[in-house]
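Text of the file protein_39.csv, holding CSV, C-alpha atoms:
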chain,number,residue,atom,x,y,z
A,1,MET,CA,-30.8,9.2,-4.9
A,2,GLN,CA,-28.2,8.0,-2.3
A,3,ARG,CA,-25.5,10.1,-3.9
A,4,ARG,CA,-27.7,13.2,-3.7
A,5,VAL,CA,-28.3,12.6,0.0
A,6,ILE,CA,-24.6,12.1,0.7
A,7,ILE,CA,-23.6,15.2,-1.4
A,8,ALA,CA,-26.2,17.3,0.4
A,9,ALA,CA,-24.8,16.2,3.8
A,10,LEU,CA,-21.3,16.9,2.7
A,11,GLN,CA,-22.2,20.4,1.4
A,12,ASN,CA,-24.0,21.0,4.7
A,13,ALA,CA,-20.7,20.1,6.4
A,14,GLY,CA,-18.9,22.8,4.3
A,15,LEU,CA,-17.4,20.7,1.5
A,16,ILE,CA,-17.7,22.1,-2.0
A,17,ASN,CA,-15.2,20.2,-4.2
A,18,ILE,CA,-17.2,17.0,-4.7
A,19,THR,CA,-17.1,14.6,-7.6
A,20,GLU,CA,-19.6,11.9,-8.1
A,21,VAL,CA,-19.4,8.6,-10.0
A,22,GLU,CA,-21.5,5.5,-10.3
A,23,THR,CA,-19.1,2.6,-10.3
A,24,GLY,CA,-15.9,1.4,-8.6
A,25,SER,CA,-14.0,1.4,-11.9
A,26,ALA,CA,-15.1,5.0,-12.5
A,27,ALA,CA,-13.9,5.9,-9.0
A,28,LEU,CA,-10.4,4.4,-9.7
A,29,GLN,CA,-10.2,6.2,-13.1
A,30,GLN,CA,-11.2,9.5,-11.4
A,31,LEU,CA,-8.4,9.0,-8.8
A,32,ASP,CA,-5.9,8.5,-11.6
A,33,GLU,CA,-7.1,11.7,-13.4
A,34,SER,CA,-7.6,13.9,-10.3
A,35,PRO,CA,-6.5,12.5,-6.9
A,36,SER,CA,-8.9,13.1,-4.1
A,37,ASP,CA,-8.4,13.4,-0.3
A,38,LEU,CA,-11.4,11.2,0.5
A,39,VAL,CA,-13.4,8.4,-1.2
A,40,ILE,CA,-16.9,7.7,0.1
A,41,SER,CA,-18.5,4.5,-1.2
A,42,SER,CA,-21.4,2.2,-0.6
A,43,LEU,CA,-20.7,-1.5,0.0
A,44,TYR,CA,-22.4,-2.7,-3.2
A,45,LEU,CA,-21.5,-1.1,-6.5
A,46,PRO,CA,-22.6,-2.1,-10.0
A,47,ASP,CA,-19.2,-3.6,-10.9
A,48,MET,CA,-17.5,-4.4,-7.6
A,49,THR,CA,-17.9,-4.2,-3.8
A,50,GLY,CA,-16.7,-1.4,-1.6
A,51,THR,CA,-14.3,-3.9,-0.2
A,52,GLU,CA,-12.8,-4.6,-3.6
A,53,LEU,CA,-12.6,-0.8,-4.2
A,54,VAL,CA,-10.7,0.0,-1.0
A,55,HIS,CA,-8.4,-2.9,-1.6
A,56,GLN,CA,-7.5,-1.7,-5.1
A,57,ILE,CA,-7.0,1.8,-3.7
A,58,ARG,CA,-4.7,0.5,-0.9
A,59,ASN,CA,-2.7,-1.7,-3.4
A,60,SER,CA,-2.2,1.3,-5.7
A,61,SER,CA,1.2,2.9,-5.4
A,62,ALA,CA,-0.2,6.3,-6.3
A,63,HIS,CA,-3.4,6.4,-4.1
A,64,SER,CA,-2.7,3.9,-1.2
A,65,ASP,CA,-3.0,6.6,1.5
A,66,THR,CA,-6.3,8.0,0.2
A,67,ALA,CA,-8.8,8.2,3.0
A,68,PHE,CA,-11.8,5.9,2.6
A,69,MET,CA,-15.3,6.0,4.1
A,70,LEU,CA,-18.0,3.4,3.8
A,71,ILE,CA,-21.7,4.3,4.0
A,72,SER,CA,-23.9,1.1,4.2
A,73,SER,CA,-26.9,-0.5,5.8
A,74,GLU,CA,-24.8,-3.7,6.2
A,75,THR,CA,-24.2,-4.7,9.8
A,76,ARG,CA,-22.7,-8.2,9.5
A,77,PHE,CA,-19.2,-8.5,10.8
A,78,ARG,CA,-17.8,-10.6,8.0
A,79,TYR,CA,-18.7,-7.9,5.4
A,80,LEU,CA,-17.5,-4.9,7.4
A,81,ASP,CA,-14.4,-6.2,9.0
A,82,PRO,CA,-12.3,-6.2,5.8
A,83,ILE,CA,-13.2,-2.5,5.5
A,84,ARG,CA,-12.1,-1.8,9.0
A,85,GLN,CA,-8.8,-3.7,8.4
A,86,ALA,CA,-8.1,-1.6,5.4
A,87,GLY,CA,-8.0,1.5,7.6
A,88,ALA,CA,-11.3,3.2,6.8
A,89,VAL,CA,-11.7,6.6,8.5
A,90,GLY,CA,-15.4,5.7,9.2
A,91,ILE,CA,-18.2,3.2,8.6
A,92,LEU,CA,-21.5,5.1,8.6
A,93,PRO,CA,-24.9,3.5,8.7
A,94,LYS,CA,-27.8,4.2,6.4
A,95,PRO,CA,-29.3,6.6,7.3
A,96,PHE,CA,-26.5,8.5,9.0
A,97,SER,CA,-26.7,11.6,11.1
A,98,GLN,CA,-24.8,14.9,10.4
A,99,ASP,CA,-22.9,14.4,13.6
A,100,GLU,CA,-21.7,10.9,12.5
A,101,LEU,CA,-20.6,12.4,9.2
A,102,GLN,CA,-18.8,15.2,10.9
A,103,ILE,CA,-16.8,12.9,13.1
A,104,ALA,CA,-15.7,10.9,10.1
A,105,LEU,CA,-14.7,14.0,8.3
A,106,THR,CA,-12.7,15.2,11.3
A,107,THR,CA,-10.9,11.8,11.3
A,108,THR,CA,-10.2,12.3,7.6
A,109,LEU,CA,-8.6,15.7,8.4
A,110,ASP,CA,-6.5,14.0,11.1
A,111,VAL,CA,-5.3,11.4,8.6
A,112,ILE,CA,-4.4,14.1,6.0
A,113,ASP,CA,-2.9,16.6,8.3
A,114,THR,CA,-1.0,15.1,11.2
A,115,GLU,CA,1.0,18.2,12.2
A,116,HIS,CA,-1.0,18.6,15.4
A,117,LEU,CA,-0.4,15.0,16.5
A,118,SER,CA,3.1,15.3,17.7
A,119,LEU,CA,3.6,13.6,21.0
A,120,GLU,CA,3.8,15.8,24.1
A,121,GLU,CA,7.0,16.0,26.1
A,122,GLN,CA,8.5,13.2,24.0
A,123,ASN,CA,11.4,13.1,21.6
A,124,SER,CA,9.4,11.1,19.1
A,125,SER,CA,12.3,10.4,16.8
A,126,THR,CA,13.9,8.2,19.4
A,127,LEU,CA,10.8,6.1,20.1
A,128,ARG,CA,10.8,2.5,18.9
A,129,VAL,CA,7.4,0.8,18.3
A,130,LEU,CA,6.1,-2.6,17.3
A,131,VAL,CA,2.9,-2.9,15.2
A,132,VAL,CA,1.2,-6.3,15.3
A,133,ASP,CA,-1.5,-7.2,12.8
A,134,ASP,CA,-2.1,-10.0,10.3
A,135,SER,CA,-3.4,-7.5,7.8
A,136,SER,CA,-0.7,-5.6,5.9
A,137,MET,CA,-3.1,-2.8,5.1
A,138,ALA,CA,-3.9,-2.4,8.8
A,139,ARG,CA,-0.2,-2.3,9.7
A,140,LYS,CA,0.5,0.3,7.0
A,141,HIS,CA,-2.4,2.5,8.2
A,142,VAL,CA,-1.3,2.4,11.8
A,143,SER,CA,2.3,3.0,10.9
A,144,ARG,CA,1.2,6.1,8.8
A,145,ILE,CA,-0.6,7.5,11.9
A,146,LEU,CA,2.5,6.9,14.0
A,147,THR,CA,4.8,8.5,11.5
A,148,GLY,CA,2.4,11.5,11.6
A,149,MET,CA,3.4,11.7,15.3
A,150,ASP,CA,7.0,12.1,14.2
A,151,ILE,CA,8.0,8.5,15.0
A,152,LEU,CA,10.6,7.6,12.4
A,153,PRO,CA,9.5,4.8,9.9
A,154,GLU,CA,12.7,2.9,10.5
A,155,ASN,CA,11.9,2.7,14.2
A,156,ILE,CA,8.6,0.9,13.5
A,157,ASP,CA,8.8,-2.9,13.4
A,158,HIS,CA,6.0,-5.1,12.1
A,159,ALA,CA,4.8,-8.6,13.1
A,160,ILE,CA,2.0,-10.6,11.6
A,161,ASN,CA,0.9,-12.4,14.7
A,162,GLY,CA,1.4,-12.6,18.5
A,163,GLN,CA,4.1,-15.3,18.3
A,164,GLU,CA,6.2,-13.3,15.9
A,165,ALA,CA,5.7,-10.2,18.0
A,166,LEU,CA,6.7,-11.9,21.2
A,167,GLU,CA,10.0,-13.1,19.6
A,168,LEU,CA,10.7,-9.5,18.6
A,169,VAL,CA,9.8,-8.2,22.1
A,170,ASN,CA,12.3,-10.6,23.6
A,171,LYS,CA,15.0,-9.5,21.2
A,172,ASN,CA,14.5,-5.8,21.0
A,173,TYR,CA,13.6,-2.8,23.2
A,174,TYR,CA,10.3,-1.1,22.4
A,175,ASP,CA,8.7,2.0,23.9
A,176,PHE,CA,5.2,0.6,23.2
A,177,VAL,CA,3.3,-2.1,21.2
A,178,VAL,CA,0.3,-1.5,19.0
A,179,SER,CA,-1.6,-4.8,18.4
A,180,ASP,CA,-4.7,-6.2,16.8
A,181,TYR,CA,-6.8,-8.8,18.7
A,182,ASN,CA,-7.9,-11.3,16.1
A,183,MET,CA,-4.8,-12.9,14.6
A,184,PRO,CA,-3.7,-16.5,13.7
A,185,VAL,CA,-1.2,-18.5,15.6
A,186,MET,CA,-1.3,-16.2,18.7
A,187,ASP,CA,-4.0,-13.6,19.1
A,188,GLY,CA,-3.7,-10.2,20.8
A,189,GLY,CA,-5.1,-11.5,24.1
A,190,GLU,CA,-2.4,-14.3,24.3
A,191,LEU,CA,0.2,-11.8,23.3
A,192,VAL,CA,-0.6,-9.4,26.1
A,193,ASP,CA,-0.6,-12.3,28.6
A,194,GLN,CA,2.8,-13.5,27.4
A,195,ILE,CA,4.3,-10.1,27.5
A,196,ARG,CA,3.1,-9.5,31.0
A,197,ASN,CA,4.2,-13.0,32.3
A,198,ALA,CA,6.9,-14.4,30.1
A,199,SER,CA,8.8,-11.7,28.3
A,200,ASN,CA,11.9,-9.5,28.9
A,201,GLN,CA,9.7,-6.3,28.9
A,202,SER,CA,6.7,-7.2,31.1
A,203,SER,CA,5.8,-3.5,31.8
A,204,ILE,CA,5.8,-2.3,28.1
A,205,PRO,CA,2.6,-0.4,27.2
A,206,VAL,CA,0.4,-2.3,24.8
A,207,LEU,CA,-2.3,-0.5,22.9
A,208,MET,CA,-4.9,-2.8,21.3
A,209,ILE,CA,-6.8,-1.6,18.2
A,210,THR,CA,-9.5,-4.1,17.3
A,211,SER,CA,-12.8,-4.7,15.7
A,212,GLU,CA,-13.6,-7.4,18.3
A,213,THR,CA,-17.0,-6.9,19.8
A,214,ASP,CA,-17.1,-9.9,22.2
A,215,HIS,CA,-17.2,-8.2,25.6
A,216,ASN,CA,-16.0,-11.4,27.4
A,217,ARG,CA,-12.9,-11.6,25.2
A,218,LEU,CA,-12.1,-7.9,25.7
A,219,ALA,CA,-12.6,-8.2,29.4
A,220,ALA,CA,-10.1,-11.0,29.4
A,221,VAL,CA,-7.6,-8.8,27.6
A,222,GLN,CA,-8.1,-6.1,30.1
A,223,GLN,CA,-7.5,-8.6,32.9
A,224,ALA,CA,-4.3,-9.7,31.2
A,225,GLY,CA,-3.0,-6.1,31.5
A,226,VAL,CA,-3.5,-4.3,28.2
A,227,SER,CA,-2.8,-0.6,28.6
A,228,ALA,CA,-5.6,0.6,26.4
A,229,ILE,CA,-8.2,-0.7,23.9
A,230,CYS,CA,-9.4,1.3,20.8
A,231,ASP,CA,-12.0,0.3,18.2
A,232,LYS,CA,-11.5,0.0,14.5
A,233,PRO,CA,-12.0,2.3,12.7
A,234,PHE,CA,-10.3,4.7,15.0
A,235,GLU,CA,-9.7,8.4,15.2
A,236,PRO,CA,-6.0,9.4,15.0
A,237,SER,CA,-6.6,11.9,17.8
A,238,THR,CA,-7.7,9.1,20.0
A,239,ILE,CA,-4.6,7.1,19.4
A,240,HIS,CA,-2.6,10.2,20.0
A,241,ARG,CA,-4.3,10.8,23.3
A,242,LEU,CA,-3.9,7.2,24.5
A,243,ILE,CA,-0.2,7.0,23.5
A,244,ASN,CA,0.5,10.3,25.2
A,245,SER,CA,-1.2,9.1,28.4
A,246,PHE,CA,0.8,5.9,28.9
A,247,LEU,CA,4.1,7.3,27.7
A,248,SER,CA,3.8,10.3,30.2
A,249,ALA,CA,2.8,7.8,32.9
Using structure tokens, write down the structure that the file contains.
Amino acid sequence: MQRRVIIAALQNAGLINITEVETGSAALQQLDESPSDLVISSLYLPDMTGTELVHQIRNSSAHSDTAFMLISSETRFRYLDPIRQAGAVGILPKPFSQDELQIALTTTLDVIDTEHLSLEEQNSSTLRVLVVDDSSMARKHVSRILTGMDILPENIDHAINGQEALELVNKNYYDFVVSDYNMPVMDGGELVDQIRNASNQSSIPVLMITSETDHNRLAAVQQAGVSAICDKPFEPSTIHRLINSFLSA
């Protein structure tokens, strides 16, 4: 029944090449036999969770960049955050609206086709960026969006927490930093504070991409001087707009 509802909504959005399966293992087998642009899954499948499915997709050498969307009535942070960290293009509620689905599909297109995301008035190939996140999947997802903006992969450095990032900032020049908030050792809030008050690049733009929902914590980050804050999951076009804005400034 749920598959029929989702398929009807997808068809209403103009999609016609749709394959349906019942289990996570069947989805993985289908990807091996006929790669798809987008996988849409519920959180609870007969043989695995949606979290396990997206992690297996991300850890696959052949399908790691496949767009993933979750449709679920689950609202608890501990169940949804691993999906966000894996770079989902959308997490839709049950029931979802056609507008919510359309936004997620537009994000999927941005992930697949990044030609229109080139940075304005910037020689992107010369930009150097630091991506900070304790999730390797999140770092890879952000890096893929950045390379879609014509930033060279070799110009993108990675750090797994704020402390490691601060050491890199003090050793290297970066045009901007993209950071998560919740990280061990030193979180994103402390990182922004340290960059602004105790680093060699106090004015470097810092974009925070986070699933944090505590308004007091986010307000503290804004007070510390973060350049912009974006939610997970994010739309590539939003990242593109924010980066353009503080680079042009």
Between atom CA of Val226 of chain A and atom CA of Val177 of chain A, measure the distance and give it in Å to one decimal.
-> 10.0 Å
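Note that the spacing between atom CA of Phe96 of chain A and atom CA of Met208 of chain A amounts to 27.3 Å.
Between Leu28 of chain A and the residues A:Ser135, A:Ser203, A:Thr51, A:Ser60, the shortest atom-to-atom distance, using all atoms listed in the file, involves A:Ser60.
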12 Å contact set for Val142 of chain A, only C-alpha atoms, chain neighbours under 2 positions out, as a PyMOL selection string | chain A and resi 65+84-89+111+129-133+135-140+144-149+151+153+156-158+177-180+207-210+232-236+239-240
Interatomic distance (Å, one decimal) between atom CA of Asp175 of chain A and atom CA of Arg128 of chain A = 5.4 Å
Contact residues around Tyr44 of chain A with all atoms listed in the file at 10 Å, ignoring same-chain residues under 4 positions, as a VMD selection string = chain A and resid 23 to 24 48 to 52 72 74
Can you spit out the residues from that selection as a JSON list (two decimals), in the frame of the given file, using C-alpha atoms?
[["chain", "number", "residue", "atom", "x", "y", "z"],
["A", 23, "THR", "CA", -19.10, 2.60, -10.30],
["A", 24, "GLY", "CA", -15.90, 1.40, -8.60],
["A", 48, "MET", "CA", -17.50, -4.40, -7.60],
["A", 49, "THR", "CA", -17.90, -4.20, -3.80],
["A", 50, "GLY", "CA", -16.70, -1.40, -1.60],
["A", 51, "THR", "CA", -14.30, -3.90, -0.20],
["A", 52, "GLU", "CA", -12.80, -4.60, -3.60],
["A", 72, "SER", "CA", -23.90, 1.10, 4.20],
["A", 74, "GLU", "CA", -24.80, -3.70, 6.20]]
Residue neighbourhood segment 29-41 of chain A, 7 Å, all atoms listed in the file, exclusion window fewer than 3 positions, as a PDB file with C-alpha atoms, keeping the file's coordinate frame:
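Heads up, here's the output in selection-v9.pdb:
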ATOM      1  CA  SER A  25     -14.000   1.400 -11.900  1.00  0.00           C
ATOM      2  CA  ALA A  26     -15.100   5.000 -12.500  1.00  0.00           C
ATOM      3  CA  GLY A  50     -16.700  -1.400  -1.600  1.00  0.00           C
ATOM      4  CA  THR A  66      -6.300   8.000   0.200  1.00  0.00           C
ATOM      5  CA  ALA A  67      -8.800   8.200   3.000  1.00  0.00           C
ATOM      6  CA  PHE A  68     -11.800   5.900   2.600  1.00  0.00           C
ATOM      7  CA  MET A  69     -15.300   6.000   4.100  1.00  0.00           C
ATOM      8  CA  LEU A  70     -18.000   3.400   3.800  1.00  0.00           C
ATOM      9  CA  ILE A  71     -21.700   4.300   4.000  1.00  0.00           C
TER      10      ILE A  71
END
With distances taken over all atoms listed in the file, the candidate from A:Ile91, A:Ile57, A:Met186, A:Leu101 nearest Ile6 of chain A is A:Leu101
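Residues in contact range of segment 244-246 of chain A, defined as at most 8 Å between all atoms listed in the file, with sequence neighbours fewer than 3 positions away removed, read A:Leu119, A:Glu120, A:Pro205, A:Ser227, A:His240, A:Arg241, A:Ala249.
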Could those residues be written to a file, using C-alpha atoms, as a PDB file, in the frame of the given file?
ATOM      1  CA  LEU A 119       3.600  13.600  21.000  1.00  0.00           C
ATOM      2  CA  GLU A 120       3.800  15.800  24.100  1.00  0.00           C
ATOM      3  CA  PRO A 205       2.600  -0.400  27.200  1.00  0.00           C
ATOM      4  CA  SER A 227      -2.800  -0.600  28.600  1.00  0.00           C
ATOM      5  CA  HIS A 240      -2.600  10.200  20.000  1.00  0.00           C
ATOM      6  CA  ARG A 241      -4.300  10.800  23.300  1.00  0.00           C
ATOM      7  CA  ALA A 249       2.800   7.800  32.900  1.00  0.00           C
TER       8      ALA A 249
END
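Counting only C-alpha atoms and comparing A:Ala198, A:Met1, A:Leu109, A:Leu191, the residue that lies closest to Ala220 of chain A is A:Leu191.
The smallest atom-to-atom distance between Tyr79 of chain A and any of A:Arg3, A:Gln222, A:Ser97, A:Leu43, using only C-alpha atoms, is found for A:Leu43.
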Spatial neighbours of Thr213 of chain A, 12 Å, all atoms listed in the file, chain gap at least 6 places, as a VMD selection string = chain A and resid 76 to 77 81 181 to 182 219 229 to 232
